[in-house]
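Written out below as structure tokens is the structure these notes cover.
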Amino acid sequence: MRPGKLIPAVFGLLAVSFLLLPLLVILPLAFTSSLFLIYPIPSFSLRWFDVLVTNPVWRAAIVNSLIIGIGTTILSTVLGGLASLGLREKLRFVSAPLSTLFLLPMVVPAVVLGVGLQILYARFGLSSTYLGMIIAHTVIAIPLVMVSVTNSLQGMDSRLELAAASLGAGPAATLLHVTLPLAMPGILTGAVLAFAVSLDEVVLNIFLAGPGQRTIARQMFAELRDNISPAIAAAAFLFIAGTIVLMALVLLMRRRVGGTAS
Amino acid sequence: MADFHIRLDGVTKTYGSLRVVDNLRLDIIRGEFLSLLGPSGSGKTTILMMLAGFQDASEGTIYVDGNMINDIPSHKRNMGVVFQSYALFPHMSVAQNVAFPLKMRGFGRSDIRERVERALDMVQLSTMKDRKPSQLSGGQQQRVALARALVFEPGVVLMDEPLGALDKQLREQMQLDIRELHARLGLTIVFVTHDQSEALTMSDRIAVFNKGRIEQIDTPRMIYDHPATRFVAEFIGETNLMEGEIAGREGDEAMVRLSDGCMMRVRARDGLERGAKVLVTIRPEKVELSDPPAAANSFPVTVSDTIYQGDHFRVQLQGAGQRFIARRDRRAAEWPQGARLHATFAADDCWVIAP
Ligand SMILES: Nc1ncnc2c1ncn2[C@@H]1O[C@H](COP(=O)(O)OP(=O)(O)OP(=O)(O)O)[C@@H](O)[C@H]1O
Ligand SMILES: [Mg+2]
């Protein structure tokens, strides 16, 4: 390899290692038989996965993560998708400020959002409820959905919708048969990102959830503070495996939709 | 009285202070093939978009079958539209694309299958019905777009430069195909193009546009032989233009004194006053070249160049104080540069327009 190619390759490798090494360090510990989160691993065991599913606290956390994650995915995909569709209309003094407003949660610190929502929820009785958690996660997931849906809408030939209208499709039929199918790759990506963000979220959960809505991420965080058990590593393993499966699923679906769309 | 299918009455489209379509009055006859021809930016697409309901007219009224349609949304106008970019749905197969308008109209399944089959037969694409648009060539995609716009039997089909992206051979084939479909189905077709030979080949009538206004609307023959304005004369085909003024009239012929003093006999038109400034136009293929001077309307000219163009020669001439172009059969004698000849213009082939 010539130096012109070697240097970027080395840098790339370093960057990837920097990102992956922490994961590679923690993941094998999921399979330890030891009581502690330390190397070397005495022997291979699945006991901590067993703990995850048998221990009522971990089990509840997994279920909570799924409930809140799925709720967030549905709500934020619907709302974010509709917002993206609506913001295609370029109304002066309306569209640009609105879209900035929707994207704001991406830059507002989670702590600020958490405090604000806590006060608001106390008023509406949403503190320590699943709905409250789902709404909070939806707020931070909507920007991600919007960015990816808007992206795929912008890549679409607007004449397709005119063509649909000329062929007799009203606005609803055009949306259903033309716009949505063509925006599907973006919608799916947005949905997966929304689920991932909800799964990963800790700060809002600390502010807004009661003991009944603790998620896996929150539970991991809590465990880290009092007893550092390898159950955390096992949870992390599930986490990462789940994410990889999701991403693979998205890639597959995109290929199927995209293959027909391009 | 002709049976008007569509009438545009004072239709105007403005963008800010720009009048893209300017107070347009246009009657489209039922069953005719009308071409909108004009240079880029003359407002042709805008007119089509207003007919299809994709854009609102700033002023004026559009009638179809005598009913005002300004406020009827596109999906209820029942007009087929063929776009330059085809606008096929990429996520649907050829058959699904063609079935789409039928599905929207609530046709039954077997009925849809039958009609789609027939429409695809018509454009000779039956064997490709399960392919995706991305798996078709440009010409095939174009034919799918055509089938899709015709399958629901709209009364009017609007086409915006549908053949623009095709190569010459395919384009000429499609021109004939579309013409034949038009004759067979008795459709009213409004066809936008900026290709004058395409308009001449295909149309019953041509509306020549310039800056949002109609310069002339007539049959291809009249547009070509009797252009109403200088713009039309120059836009359609090649032509020779000579400035002069009317020197007198003799029956159905008029005498024109050209700027260099030569006199010329032309076919007279109403309203040519003595002394009126005029332009005389004559098409290159109507210019006769000969060694000895022919009878009347003959000028001495010098050959400045002869260009071989395959099926004909293009001869550039200098005479009567200006340049001329003549078109010669390829079998005719080829004159060397500098040859002195006589150019003759038959009075019947000379057409007079306002300058
Ligand atoms: N949304 C718009 N805002 C401002 N001006 C516009 C808009 N749409 C079209 N125009 C202008 O209107 C004029 C006519 O456009 P139109 O597309 O009808 O031309 P056309 O005759 O179809 O030209 P072409 O042969 O290039 O397709 C052009 O000068 C164009 O710049
Ligand atoms: Mg155009």
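Residue numbering restarts at 1 for every chain of the structure tokens, chains are lettered A, B, ... in their displayed order, and ligands are numbered from 1 as they appear.
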Q) Using only C-alpha atoms and all ligand atoms, which protein or nucleic acid residues are at most 12 Å from ligand 2, as JSON, numbers by chain? A) {"B": [20, 36, 37, 38, 39, 40, 41, 42, 43, 44, 45, 46, 47, 48, 49, 83, 84, 85, 159, 160, 161, 162, 164, 191, 192, 193, 194, 195, 209]}
Q. Taking only C-alpha atoms into account, which residues of chain B are within 10 Å of chain A, as a ChimeraX atom specification?
A. /B:49,52-54,73-83,85-93,97-98,100-105,131-135,145,148-152,154
Q: Quote the spacing between atom CA of B:Val11 and atom CA of B:Ile217 in Å to one decimal place.
A: 16.3 Å
Q: Enumerate, as a PyMOL selection string, the complete set of residues in stretch 49-189 of chain B that a backbone-based DSSP assignment places in helix (DSSP H, G or I).
A: chain B and resi 49-52+74-76+94-104+109-122+126-128+133-135+138-150+168-185
Q: Do a neighbour search on B:Arg330 at 9 Å with only C-alpha atoms, toss out local chain neighbours closer than 3 positions, and write the hits as a VMD selection string.
A: chain B and resid 308 to 313 333 to 334
Q | Spatial neighbours of stretch 240-254 of chain B, 6 Å, only C-alpha atoms, chain gap at least 4 places, as a PyMOL selection string | A | chain B and resi 258-259+265-268+274-282+324
Pull N, CA, C and O atoms from the residues just selected and write them as a PDB file, in the first residue's frame.
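Output contents, as saved in out-v1.pdb:
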```
ATOM      1  N   LEU B 258     -37.841  46.953 -52.884  1.00  0.00           N
ATOM      2  CA  LEU B 258     -36.908  46.532 -51.834  1.00  0.00           C
ATOM      3  C   LEU B 258     -35.973  47.684 -51.488  1.00  0.00           C
ATOM      4  O   LEU B 258     -35.861  48.650 -52.239  1.00  0.00           O
ATOM      5  N   SER B 259     -35.286  47.556 -50.391  1.00  0.00           N
ATOM      6  CA  SER B 259     -34.484  48.681 -49.900  1.00  0.00           C
ATOM      7  C   SER B 259     -33.385  49.094 -50.879  1.00  0.00           C
ATOM      8  O   SER B 259     -32.972  50.248 -50.892  1.00  0.00           O
ATOM      9  N   ARG B 265     -42.572  41.385 -57.343  1.00  0.00           N
ATOM     10  CA  ARG B 265     -44.009  41.108 -57.349  1.00  0.00           C
ATOM     11  C   ARG B 265     -44.310  40.087 -56.262  1.00  0.00           C
ATOM     12  O   ARG B 265     -43.597  39.086 -56.155  1.00  0.00           O
ATOM     13  N   VAL B 266     -45.328  40.343 -55.479  1.00  0.00           N
ATOM     14  CA  VAL B 266     -45.692  39.383 -54.429  1.00  0.00           C
ATOM     15  C   VAL B 266     -47.190  39.160 -54.452  1.00  0.00           C
ATOM     16  O   VAL B 266     -47.938  39.938 -55.039  1.00  0.00           O
ATOM     17  N   ARG B 267     -47.599  38.061 -53.790  1.00  0.00           N
ATOM     18  CA  ARG B 267     -49.016  37.818 -53.634  1.00  0.00           C
ATOM     19  C   ARG B 267     -49.591  38.887 -52.724  1.00  0.00           C
ATOM     20  O   ARG B 267     -49.027  39.150 -51.651  1.00  0.00           O
ATOM     21  N   ALA B 268     -50.672  39.507 -53.124  1.00  0.00           N
ATOM     22  CA  ALA B 268     -51.210  40.611 -52.337  1.00  0.00           C
ATOM     23  C   ALA B 268     -52.022  40.095 -51.161  1.00  0.00           C
ATOM     24  O   ALA B 268     -52.520  38.977 -51.166  1.00  0.00           O
ATOM     25  N   ARG B 274     -50.407  51.520 -50.267  1.00  0.00           N
ATOM     26  CA  ARG B 274     -49.235  52.024 -50.971  1.00  0.00           C
ATOM     27  C   ARG B 274     -48.349  52.766 -49.971  1.00  0.00           C
ATOM     28  O   ARG B 274     -48.817  53.549 -49.165  1.00  0.00           O
ATOM     29  N   GLY B 275     -47.059  52.472 -50.005  1.00  0.00           N
ATOM     30  CA  GLY B 275     -46.139  53.151 -49.094  1.00  0.00           C
ATOM     31  C   GLY B 275     -45.938  52.430 -47.762  1.00  0.00           C
ATOM     32  O   GLY B 275     -45.076  52.802 -46.983  1.00  0.00           O
ATOM     33  N   ALA B 276     -46.749  51.381 -47.504  1.00  0.00           N
ATOM     34  CA  ALA B 276     -46.605  50.657 -46.237  1.00  0.00           C
ATOM     35  C   ALA B 276     -45.271  49.910 -46.205  1.00  0.00           C
ATOM     36  O   ALA B 276     -44.856  49.321 -47.191  1.00  0.00           O
ATOM     37  N   LYS B 277     -44.605  49.963 -45.048  1.00  0.00           N
ATOM     38  CA  LYS B 277     -43.367  49.199 -44.879  1.00  0.00           C
ATOM     39  C   LYS B 277     -43.733  47.729 -44.678  1.00  0.00           C
ATOM     40  O   LYS B 277     -44.644  47.416 -43.908  1.00  0.00           O
ATOM     41  N   VAL B 278     -43.035  46.858 -45.379  1.00  0.00           N
ATOM     42  CA  VAL B 278     -43.354  45.428 -45.253  1.00  0.00           C
ATOM     43  C   VAL B 278     -42.067  44.604 -45.227  1.00  0.00           C
ATOM     44  O   VAL B 278     -40.984  45.102 -45.529  1.00  0.00           O
ATOM     45  N   LEU B 279     -42.243  43.329 -44.841  1.00  0.00           N
ATOM     46  CA  LEU B 279     -41.181  42.338 -44.973  1.00  0.00           C
ATOM     47  C   LEU B 279     -41.679  41.295 -45.960  1.00  0.00           C
ATOM     48  O   LEU B 279     -42.819  40.841 -45.852  1.00  0.00           O
ATOM     49  N   VAL B 280     -40.839  40.942 -46.935  1.00  0.00           N
ATOM     50  CA  VAL B 280     -41.191  39.864 -47.844  1.00  0.00           C
ATOM     51  C   VAL B 280     -40.462  38.611 -47.372  1.00  0.00           C
ATOM     52  O   VAL B 280     -39.266  38.652 -47.116  1.00  0.00           O
ATOM     53  N   THR B 281     -41.197  37.520 -47.187  1.00  0.00           N
ATOM     54  CA  THR B 281     -40.525  36.278 -46.792  1.00  0.00           C
ATOM     55  C   THR B 281     -40.642  35.269 -47.921  1.00  0.00           C
ATOM     56  O   THR B 281     -41.667  35.189 -48.598  1.00  0.00           O
ATOM     57  N   ILE B 282     -39.579  34.528 -48.108  1.00  0.00           N
ATOM     58  CA  ILE B 282     -39.648  33.400 -49.035  1.00  0.00           C
ATOM     59  C   ILE B 282     -38.797  32.275 -48.486  1.00  0.00           C
ATOM     60  O   ILE B 282     -37.699  32.487 -47.984  1.00  0.00           O
ATOM     61  N   PHE B 324     -28.996  35.600 -48.892  1.00  0.00           N
ATOM     62  CA  PHE B 324     -30.129  34.687 -49.088  1.00  0.00           C
ATOM     63  C   PHE B 324     -29.677  33.274 -48.808  1.00  0.00           C
ATOM     64  O   PHE B 324     -28.494  32.967 -48.881  1.00  0.00           O
TER      65      PHE B 324
END
```
Show me, as a compact mmCIF listing (two decimals) with N, CA and C atoms, in the first residue's frame, the residues that have an atom within 7 Å of B:Asp204 when counting only C-alpha atoms, minus same-chain residues fewer than 3 positions from it.
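Written output follows (out17.txt):
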```txt
# COMPACT_ATOMS: atom_id res chain seq x y z
N GLU B 32 -59.34 17.76 -31.79
CA GLU B 32 -58.18 18.24 -32.56
C GLU B 32 -56.87 17.93 -31.84
N PHE B 33 -55.81 17.94 -32.63
CA PHE B 33 -54.46 17.83 -32.10
C PHE B 33 -53.86 19.22 -32.19
N LEU B 34 -53.80 19.87 -31.03
CA LEU B 34 -53.30 21.25 -31.00
C LEU B 34 -51.92 21.27 -30.37
N THR B 219 -53.36 26.11 -39.13
CA THR B 219 -52.89 24.79 -39.54
C THR B 219 -51.39 24.87 -39.81
```
Q.
Env of stretch 203-207 of chain A: 10 Å cut, atoms = only C-alpha atoms, seq-sep filter 2 positions within chain, self excluded. Answer as a count of residues only.
A. 30
Q: Could you give me, as an NGL selection string, each residue of stretch 38-139 of chain B that DSSP assigns to strand (DSSP E) when run on this structure's backbone?
A: :B and (59-64 or 67-68 or 79-82)
I need the chosen residues saved as a PDB file, in the first residue's frame, with N, CA, C and O atoms.
```
ATOM      1  N   GLU B  59     -55.801  35.315 -13.540  1.00  0.00           N
ATOM      2  CA  GLU B  59     -57.027  35.940 -14.024  1.00  0.00           C
ATOM      3  C   GLU B  59     -57.591  35.065 -15.133  1.00  0.00           C
ATOM      4  O   GLU B  59     -56.883  34.249 -15.697  1.00  0.00           O
ATOM      5  N   GLY B  60     -58.850  35.294 -15.453  1.00  0.00           N
ATOM      6  CA  GLY B  60     -59.436  34.610 -16.596  1.00  0.00           C
ATOM      7  C   GLY B  60     -60.139  33.323 -16.223  1.00  0.00           C
ATOM      8  O   GLY B  60     -60.098  32.875 -15.075  1.00  0.00           O
ATOM      9  N   THR B  61     -60.800  32.744 -17.215  1.00  0.00           N
ATOM     10  CA  THR B  61     -61.648  31.592 -16.977  1.00  0.00           C
ATOM     11  C   THR B  61     -61.304  30.480 -17.958  1.00  0.00           C
ATOM     12  O   THR B  61     -60.987  30.740 -19.120  1.00  0.00           O
ATOM     13  N   ILE B  62     -61.354  29.247 -17.464  1.00  0.00           N
ATOM     14  CA  ILE B  62     -61.161  28.091 -18.336  1.00  0.00           C
ATOM     15  C   ILE B  62     -62.471  27.311 -18.364  1.00  0.00           C
ATOM     16  O   ILE B  62     -63.044  27.010 -17.311  1.00  0.00           O
ATOM     17  N   TYR B  63     -62.959  27.029 -19.563  1.00  0.00           N
ATOM     18  CA  TYR B  63     -64.192  26.254 -19.703  1.00  0.00           C
ATOM     19  C   TYR B  63     -63.889  24.929 -20.369  1.00  0.00           C
ATOM     20  O   TYR B  63     -63.092  24.864 -21.301  1.00  0.00           O
ATOM     21  N   VAL B  64     -64.522  23.857 -19.868  1.00  0.00           N
ATOM     22  CA  VAL B  64     -64.489  22.585 -20.575  1.00  0.00           C
ATOM     23  C   VAL B  64     -65.938  22.209 -20.825  1.00  0.00           C
ATOM     24  O   VAL B  64     -66.748  22.210 -19.893  1.00  0.00           O
ATOM     25  N   ASN B  67     -68.452  24.405 -19.282  1.00  0.00           N
ATOM     26  CA  ASN B  67     -68.502  24.620 -17.843  1.00  0.00           C
ATOM     27  C   ASN B  67     -67.186  25.190 -17.348  1.00  0.00           C
ATOM     28  O   ASN B  67     -66.118  24.700 -17.713  1.00  0.00           O
ATOM     29  N   MET B  68     -67.271  26.165 -16.473  1.00  0.00           N
ATOM     30  CA  MET B  68     -66.063  26.734 -15.905  1.00  0.00           C
ATOM     31  C   MET B  68     -65.409  25.706 -14.982  1.00  0.00           C
ATOM     32  O   MET B  68     -66.075  25.066 -14.174  1.00  0.00           O
ATOM     33  N   MET B  79     -58.507  14.626 -17.030  1.00  0.00           N
ATOM     34  CA  MET B  79     -57.619  14.880 -18.162  1.00  0.00           C
ATOM     35  C   MET B  79     -56.396  13.992 -17.996  1.00  0.00           C
ATOM     36  O   MET B  79     -55.848  13.877 -16.909  1.00  0.00           O
ATOM     37  N   GLY B  80     -55.978  13.365 -19.078  1.00  0.00           N
ATOM     38  CA  GLY B  80     -54.738  12.599 -19.014  1.00  0.00           C
ATOM     39  C   GLY B  80     -53.563  13.551 -19.179  1.00  0.00           C
ATOM     40  O   GLY B  80     -53.628  14.469 -19.982  1.00  0.00           O
ATOM     41  N   VAL B  81     -52.525  13.343 -18.388  1.00  0.00           N
ATOM     42  CA  VAL B  81     -51.340  14.203 -18.509  1.00  0.00           C
ATOM     43  C   VAL B  81     -50.112  13.326 -18.737  1.00  0.00           C
ATOM     44  O   VAL B  81     -49.921  12.329 -18.049  1.00  0.00           O
ATOM     45  N   VAL B  82     -49.311  13.687 -19.723  1.00  0.00           N
ATOM     46  CA  VAL B  82     -48.043  12.993 -19.941  1.00  0.00           C
ATOM     47  C   VAL B  82     -46.929  14.016 -19.744  1.00  0.00           C
ATOM     48  O   VAL B  82     -46.908  15.049 -20.403  1.00  0.00           O
TER      49      VAL B  82
END
```
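Closest to B:Leu289 among B:Ala343, B:Val190, B:Leu26, B:Leu163 is B:Ala343, based on only C-alpha atoms.
Between B:Asp9 and the residues B:Thr201, B:His182, B:Val352, B:Leu24, the shortest atom-to-atom distance, using only C-alpha atoms, involves B:Leu24.
Among B:Asp71, B:Asp22, B:Glu172, B:Glu234, the residue with the shortest atom-to-atom distance to ligand 1, counting only C-alpha atoms and all ligand atoms, is B:Asp22.
The two atoms in question, atom CA of A:Leu131 and atom CA of A:Val53, are spaced 24.6 Å apart.
Distances to ligand 1 were evaluated for B:Arg269, B:Arg19, B:Arg314, B:Arg143 using only C-alpha atoms and all ligand atoms, and the minimum falls at B:Arg19.
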